[in-house]
Amino acid sequence: MTKENSFVAGEYIDPNPSTSSQTRERALNALIVQTSISESFEEYLEIFDTFYGEDIEASSETGEEPIRGKARVRSLLFNFLVPLHVMAEVGGLSISIRQSAIPGDAADERHSAWTLDLVGASGRTCTLSWRTLRKWNGSRVVCEHHYDHQQSGGPLTSIDLRFDAATSDPPSTIH
């Protein structure tokens, strides 16, 4: 199922680069927050395709080498989104995401704080939070860096999902 999203078209160019990246950042973040992973992971990939440049460089504070190129970053995003979608749609995982802007100094850089709440069908929760730095070149994100990762609550396991709900009923006895 695909919803019609209203966001700034990929070809929109504001004459003021600062305003353009600020406007695009707000639109990008709003779409990420408004889209439901339980309904579709494809919408997130469409958002990525619209807002990110071909030469995107993604990195985190883990010290690993940055991932370069839209196809490689998209593949990583796909591998992250599909399991979340399945756990939400089939396993009863409740997922919500929040974002808040963090003031910055550079015109082409935007910082934001993110919180991802995962609530299993069992009621156990895991909250992940991190900060993101995005660098924009015109209307496209060309660099995204994730840092200050934190987790509260333990990782959720298969026990916290309801994949086995059909088999967890007591077996019927024929007399």
# chains A, B, ... in the order shown; residues from 1 in each chain; ligands from 1

$ select_by_dssp --residues "range 35-142 of chain A" --states "strand (DSSP E or B)" --output "number ranges by chain"
A: 52-60, 67-68, 94-102, 109-119, 125-137, 140-142

$ write_last_selection --atoms "N, CA and C atoms" --output "short mmCIF file (atom, residue, chain, number, x, y, z; two decimals), in the first residue's frame"
data_model
loop_
_atom_site.label_atom_id
_atom_site.label_comp_id
_atom_site.auth_asym_id
_atom_site.auth_seq_id
_atom_site.Cartn_x
_atom_site.Cartn_y
_atom_site.Cartn_z
N TYR A 52 18.04 11.88 -0.86
CA TYR A 52 19.47 11.61 -0.74
C TYR A 52 20.15 11.61 -2.10
N GLY A 53 21.38 12.17 -2.12
CA GLY A 53 22.15 12.27 -3.35
C GLY A 53 22.83 10.95 -3.71
N GLU A 54 23.20 10.83 -4.97
CA GLU A 54 23.89 9.63 -5.46
C GLU A 54 25.23 9.41 -4.75
N ASP A 55 25.86 10.50 -4.32
CA ASP A 55 27.17 10.41 -3.69
C ASP A 55 27.10 10.43 -2.16
N ILE A 56 25.96 10.00 -1.60
CA ILE A 56 25.76 10.01 -0.15
C ILE A 56 26.88 9.22 0.56
N GLU A 57 27.29 9.76 1.71
CA GLU A 57 28.26 9.09 2.57
C GLU A 57 27.61 8.96 3.94
N ALA A 58 27.44 7.72 4.42
CA ALA A 58 26.81 7.47 5.71
C ALA A 58 27.84 6.91 6.67
N SER A 59 27.81 7.39 7.92
CA SER A 59 28.79 6.92 8.90
C SER A 59 28.18 6.98 10.30
N SER A 60 28.89 6.35 11.23
CA SER A 60 28.49 6.43 12.64
C SER A 60 29.75 6.49 13.48
N ILE A 67 30.04 4.37 4.64
CA ILE A 67 29.46 3.69 3.48
C ILE A 67 29.19 4.76 2.44
N ARG A 68 29.68 4.54 1.24
CA ARG A 68 29.57 5.55 0.19
C ARG A 68 28.73 5.04 -0.98
N SER A 94 5.12 -2.80 18.39
CA SER A 94 4.68 -1.41 18.24
C SER A 94 5.93 -0.54 18.12
N ILE A 95 5.96 0.28 17.08
CA ILE A 95 7.13 1.11 16.81
C ILE A 95 6.70 2.56 16.67
N SER A 96 7.38 3.44 17.39
CA SER A 96 7.13 4.87 17.20
C SER A 96 8.47 5.58 17.20
N ILE A 97 8.52 6.65 16.43
CA ILE A 97 9.76 7.41 16.31
C ILE A 97 9.45 8.89 16.50
N ARG A 98 10.36 9.55 17.21
CA ARG A 98 10.23 10.99 17.45
C ARG A 98 11.55 11.66 17.05
N GLN A 99 11.43 12.94 16.70
CA GLN A 99 12.59 13.71 16.28
C GLN A 99 12.47 15.12 16.80
N SER A 100 13.60 15.71 17.15
CA SER A 100 13.63 17.13 17.48
C SER A 100 14.90 17.74 16.90
N ALA A 101 14.78 18.94 16.41
CA ALA A 101 15.92 19.63 15.81
C ALA A 101 16.88 20.10 16.89
N ILE A 102 18.15 20.13 16.53
CA ILE A 102 19.20 20.65 17.40
C ILE A 102 19.82 21.83 16.65
N GLU A 109 24.54 22.27 7.26
CA GLU A 109 24.50 21.16 8.20
C GLU A 109 23.26 21.25 9.09
N ARG A 110 22.64 20.11 9.33
CA ARG A 110 21.46 20.04 10.19
C ARG A 110 21.64 18.91 11.18
N HIS A 111 21.39 19.21 12.44
CA HIS A 111 21.48 18.23 13.52
C HIS A 111 20.07 17.93 14.03
N SER A 112 19.85 16.68 14.43
CA SER A 112 18.57 16.32 15.03
C SER A 112 18.77 15.18 16.02
N ALA A 113 17.87 15.10 16.98
CA ALA A 113 17.87 14.03 17.98
C ALA A 113 16.69 13.12 17.67
N TRP A 114 16.94 11.82 17.74
CA TRP A 114 15.93 10.83 17.39
C TRP A 114 15.71 9.87 18.56
N THR A 115 14.47 9.42 18.71
CA THR A 115 14.13 8.40 19.70
C THR A 115 13.22 7.38 19.03
N LEU A 116 13.59 6.11 19.13
CA LEU A 116 12.82 5.01 18.56
C LEU A 116 12.35 4.14 19.71
N ASP A 117 11.03 4.05 19.88
CA ASP A 117 10.44 3.23 20.94
C ASP A 117 9.92 1.94 20.32
N LEU A 118 10.38 0.82 20.88
CA LEU A 118 9.93 -0.50 20.45
C LEU A 118 9.20 -1.13 21.64
N VAL A 119 7.96 -1.54 21.42
CA VAL A 119 7.18 -2.17 22.48
C VAL A 119 6.70 -3.52 21.94
N THR A 125 9.73 -3.14 26.69
CA THR A 125 10.12 -2.04 25.81
C THR A 125 11.63 -1.94 25.67
N CYS A 126 12.01 -1.36 24.56
CA CYS A 126 13.40 -1.01 24.29
C CYS A 126 13.36 0.34 23.59
N THR A 127 14.11 1.29 24.11
CA THR A 127 14.16 2.62 23.52
C THR A 127 15.58 2.90 23.05
N LEU A 128 15.68 3.28 21.79
CA LEU A 128 16.97 3.63 21.20
C LEU A 128 16.94 5.13 20.91
N SER A 129 18.04 5.78 21.19
CA SER A 129 18.13 7.20 20.85
C SER A 129 19.51 7.48 20.24
N TRP A 130 19.57 8.47 19.40
CA TRP A 130 20.81 8.86 18.73
C TRP A 130 20.64 10.26 18.17
N ARG A 131 21.72 10.80 17.72
CA ARG A 131 21.72 12.11 17.06
C ARG A 131 22.23 11.93 15.64
N THR A 132 21.72 12.79 14.78
CA THR A 132 22.09 12.73 13.37
C THR A 132 22.59 14.09 12.91
N LEU A 133 23.67 14.05 12.17
CA LEU A 133 24.18 15.23 11.47
C LEU A 133 24.02 14.96 9.98
N ARG A 134 23.32 15.86 9.31
CA ARG A 134 23.18 15.75 7.86
C ARG A 134 23.82 16.96 7.21
N LYS A 135 24.55 16.70 6.15
CA LYS A 135 25.09 17.78 5.32
C LYS A 135 24.34 17.75 4.00
N TRP A 136 23.94 18.92 3.58
CA TRP A 136 23.16 19.07 2.37
C TRP A 136 23.97 19.75 1.29
N ASN A 137 23.76 19.35 0.06
CA ASN A 137 24.29 20.05 -1.09
C ASN A 137 23.08 20.37 -1.95
N ARG A 140 19.79 17.92 -1.79
CA ARG A 140 20.08 16.52 -1.48
C ARG A 140 21.01 16.37 -0.28
N VAL A 141 20.74 15.33 0.51
CA VAL A 141 21.65 14.96 1.60
C VAL A 141 22.85 14.28 0.97
N VAL A 142 24.05 14.77 1.31
CA VAL A 142 25.27 14.17 0.76
C VAL A 142 26.10 13.49 1.85
#

$ residues_around --residues "range 29-42 of chain A" --least-positions-apart "3" --cutoff "8 Å" --atoms "only C-alpha atoms" --output "compact mmCIF listing (two decimals) with all heavy atoms, in the first residue's frame"
# COMPACT_ATOMS: atom_id res chain seq x y z
N MET A 1 0.85 -1.16 0.00
CA MET A 1 0.00 0.00 0.00
C MET A 1 0.90 1.23 0.00
O MET A 1 1.80 1.35 0.78
CB MET A 1 -0.90 -0.01 1.23
CG MET A 1 -1.59 1.30 1.41
SD MET A 1 -2.94 1.42 2.58
CE MET A 1 -2.48 0.52 3.98
N THR A 2 0.63 2.14 -0.90
CA THR A 2 1.41 3.37 -0.97
C THR A 2 0.50 4.55 -0.71
O THR A 2 -0.56 4.67 -1.31
CB THR A 2 2.08 3.51 -2.35
OG1 THR A 2 2.89 2.38 -2.57
CG2 THR A 2 2.90 4.76 -2.43
N ASN A 5 2.22 11.15 -0.41
CA ASN A 5 2.85 12.08 0.51
C ASN A 5 3.00 13.43 -0.18
O ASN A 5 3.28 13.49 -1.36
CB ASN A 5 4.24 11.60 0.94
CG ASN A 5 4.15 10.41 1.84
OD1 ASN A 5 3.31 10.34 2.71
ND2 ASN A 5 5.05 9.46 1.63
N PHE A 7 5.37 16.36 -0.18
CA PHE A 7 6.62 16.92 0.29
C PHE A 7 7.26 17.69 -0.85
O PHE A 7 6.81 17.61 -1.98
CB PHE A 7 7.57 15.85 0.85
CG PHE A 7 7.81 14.68 -0.05
CD1 PHE A 7 8.83 14.70 -0.98
CD2 PHE A 7 7.01 13.56 0.04
CE1 PHE A 7 9.06 13.62 -1.79
CE2 PHE A 7 7.23 12.47 -0.77
CZ PHE A 7 8.25 12.49 -1.70
N GLU A 25 15.17 19.61 5.24
CA GLU A 25 15.42 18.84 6.47
C GLU A 25 14.10 18.64 7.23
O GLU A 25 13.80 17.55 7.68
CB GLU A 25 16.43 19.56 7.35
CG GLU A 25 16.72 18.88 8.67
CD GLU A 25 17.69 17.73 8.57
OE1 GLU A 25 18.31 17.53 7.52
OE2 GLU A 25 17.83 17.01 9.58
N ARG A 26 13.34 19.72 7.36
CA ARG A 26 12.05 19.60 8.05
C ARG A 26 11.11 18.64 7.33
O ARG A 26 10.43 17.84 7.96
CB ARG A 26 11.38 20.98 8.17
CG ARG A 26 11.94 21.81 9.27
CD ARG A 26 11.04 23.05 9.50
NE ARG A 26 11.85 24.13 10.00
CZ ARG A 26 11.91 25.35 9.47
NH1 ARG A 26 11.20 25.67 8.42
NH2 ARG A 26 12.67 26.26 10.00
N LEU A 45 11.95 3.80 1.69
CA LEU A 45 12.90 3.76 0.57
C LEU A 45 12.59 4.86 -0.45
O LEU A 45 13.51 5.47 -1.01
CB LEU A 45 12.88 2.38 -0.09
CG LEU A 45 13.35 1.24 0.80
CD1 LEU A 45 13.19 -0.10 0.08
CD2 LEU A 45 14.79 1.45 1.26
N GLU A 46 11.31 5.16 -0.65
CA GLU A 46 10.93 6.26 -1.54
C GLU A 46 11.40 7.60 -0.98
O GLU A 46 11.88 8.46 -1.72
CB GLU A 46 9.41 6.28 -1.75
CG GLU A 46 8.90 5.13 -2.58
CD GLU A 46 7.38 5.03 -2.61
OE1 GLU A 46 6.70 6.00 -2.18
OE2 GLU A 46 6.87 3.99 -3.04
N ILE A 47 11.27 7.76 0.32
CA ILE A 47 11.76 8.98 0.97
C ILE A 47 13.27 9.10 0.77
O ILE A 47 13.78 10.16 0.40
CB ILE A 47 11.40 8.99 2.48
CG1 ILE A 47 9.89 9.08 2.67
CG2 ILE A 47 12.12 10.11 3.21
CD1 ILE A 47 9.42 8.77 4.09
N PHE A 78 17.47 -0.97 3.51
CA PHE A 78 16.54 -2.06 3.22
C PHE A 78 16.69 -3.19 4.24
O PHE A 78 15.70 -3.69 4.78
CB PHE A 78 16.79 -2.58 1.80
CG PHE A 78 15.95 -3.76 1.41
CD1 PHE A 78 14.69 -3.58 0.87
CD2 PHE A 78 16.44 -5.05 1.58
CE1 PHE A 78 13.91 -4.68 0.52
CE2 PHE A 78 15.67 -6.15 1.23
CZ PHE A 78 14.40 -5.96 0.69
N LEU A 81 15.10 -2.04 7.50
CA LEU A 81 13.67 -1.80 7.50
C LEU A 81 12.81 -3.06 7.38
O LEU A 81 11.76 -3.17 8.02
CB LEU A 81 13.30 -0.84 6.35
CG LEU A 81 13.79 0.58 6.48
CD1 LEU A 81 13.52 1.35 5.19
CD2 LEU A 81 13.15 1.27 7.67
N VAL A 82 13.22 -4.00 6.55
CA VAL A 82 12.39 -5.18 6.31
C VAL A 82 12.12 -5.97 7.59
O VAL A 82 10.96 -6.28 7.89
CB VAL A 82 12.97 -6.07 5.19
CG1 VAL A 82 12.27 -7.41 5.11
CG2 VAL A 82 12.87 -5.33 3.85
N LEU A 84 12.12 -4.89 10.68
CA LEU A 84 11.23 -4.07 11.50
C LEU A 84 9.79 -4.14 10.99
O LEU A 84 8.85 -4.26 11.78
CB LEU A 84 11.69 -2.61 11.51
CG LEU A 84 12.78 -2.22 12.47
CD1 LEU A 84 13.11 -0.74 12.32
CD2 LEU A 84 12.43 -2.54 13.90
N HIS A 85 9.64 -4.07 9.69
CA HIS A 85 8.30 -4.15 9.09
C HIS A 85 7.64 -5.49 9.43
O HIS A 85 6.47 -5.51 9.84
CB HIS A 85 8.39 -3.96 7.57
CG HIS A 85 7.12 -4.24 6.86
ND1 HIS A 85 6.01 -3.44 6.96
CD2 HIS A 85 6.78 -5.26 6.03
CE1 HIS A 85 5.04 -3.94 6.22
NE2 HIS A 85 5.47 -5.04 5.65
N VAL A 86 8.35 -6.58 9.28
CA VAL A 86 7.79 -7.90 9.56
C VAL A 86 7.44 -8.03 11.03
O VAL A 86 6.36 -8.52 11.39
CB VAL A 86 8.76 -9.02 9.12
CG1 VAL A 86 8.31 -10.38 9.61
CG2 VAL A 86 8.92 -9.02 7.60
N ALA A 88 6.66 -5.69 13.06
CA ALA A 88 5.52 -4.82 13.36
C ALA A 88 4.23 -5.40 12.78
O ALA A 88 3.21 -5.46 13.47
CB ALA A 88 5.76 -3.42 12.82
N GLU A 89 4.29 -5.81 11.53
CA GLU A 89 3.08 -6.28 10.85
C GLU A 89 2.63 -7.65 11.35
O GLU A 89 1.44 -7.87 11.57
CB GLU A 89 3.31 -6.33 9.33
CG GLU A 89 2.07 -6.71 8.56
CD GLU A 89 2.30 -6.74 7.07
OE1 GLU A 89 3.28 -7.36 6.62
OE2 GLU A 89 1.48 -6.15 6.36
N ILE A 95 5.96 0.28 17.08
CA ILE A 95 7.13 1.11 16.81
C ILE A 95 6.70 2.56 16.67
O ILE A 95 5.78 2.87 15.92
CB ILE A 95 7.83 0.65 15.51
CG1 ILE A 95 8.24 -0.81 15.61
CG2 ILE A 95 9.03 1.55 15.20
CD1 ILE A 95 8.76 -1.40 14.31
N SER A 96 7.38 3.44 17.39
CA SER A 96 7.13 4.87 17.20
C SER A 96 8.47 5.58 17.20
O SER A 96 9.43 5.15 17.84
CB SER A 96 6.22 5.43 18.30
OG SER A 96 6.85 5.35 19.55
N ILE A 97 8.52 6.65 16.43
CA ILE A 97 9.76 7.41 16.31
C ILE A 97 9.45 8.89 16.50
O ILE A 97 8.42 9.38 16.05
CB ILE A 97 10.47 7.13 14.96
CG1 ILE A 97 11.87 7.75 14.94
CG2 ILE A 97 9.62 7.59 13.79
CD1 ILE A 97 12.78 7.16 13.90
N ARG A 98 10.36 9.55 17.21
CA ARG A 98 10.23 10.99 17.45
C ARG A 98 11.55 11.66 17.05
O ARG A 98 12.61 11.06 17.12
CB ARG A 98 9.96 11.26 18.93
CG ARG A 98 8.66 10.68 19.43
CD ARG A 98 8.39 10.99 20.90
NE ARG A 98 9.47 10.75 21.84
CZ ARG A 98 9.75 9.57 22.39
NH1 ARG A 98 9.06 8.50 22.06
NH2 ARG A 98 10.72 9.44 23.27
N GLN A 99 11.43 12.94 16.70
CA GLN A 99 12.59 13.71 16.28
C GLN A 99 12.47 15.12 16.80
O GLN A 99 11.37 15.66 16.90
CB GLN A 99 12.64 13.70 14.74
CG GLN A 99 13.71 14.56 14.13
CD GLN A 99 13.28 15.99 13.88
OE1 GLN A 99 12.12 16.29 13.66
NE2 GLN A 99 14.22 16.90 13.95

$ residues_around --residues "Ser122 in chain A" --least-positions-apart "4" --cutoff "8 Å" --atoms "only C-alpha atoms" --output "list in words"
Ile159, Asp160 and Leu161 of chain A

$ atom_distance --atom1 "CA of Glu43 in chain A" --atom2 "CA of Ser21 in chain A"
21.3 Å

$ atom_distance --atom1 "CA of Phe51 in chain A" --atom2 "CA of Pro103 in chain A"
20.7 Å

$ atom_distance --atom1 "CA of Leu77 in chain A" --atom2 "CA of His145 in chain A"
14.0 Å

$ select_by_dssp --residues "range 17-154 of chain A" --states "helix (DSSP H, G or I)" --output "PyMOL selection string"
chain A and resi 17-34+42-51+70-89

$ closest_residue --among "A:Gly92, A:Thr50, A:Phe80, A:Gly104" --to "Leu28 in chain A" --atoms "only C-alpha atoms"
A:Thr50

$ closest_residue --among "A:Arg24, A:Leu156, A:His146, A:Ala121" --to "Gly63 in chain A" --atoms "only C-alpha atoms"
A:His146
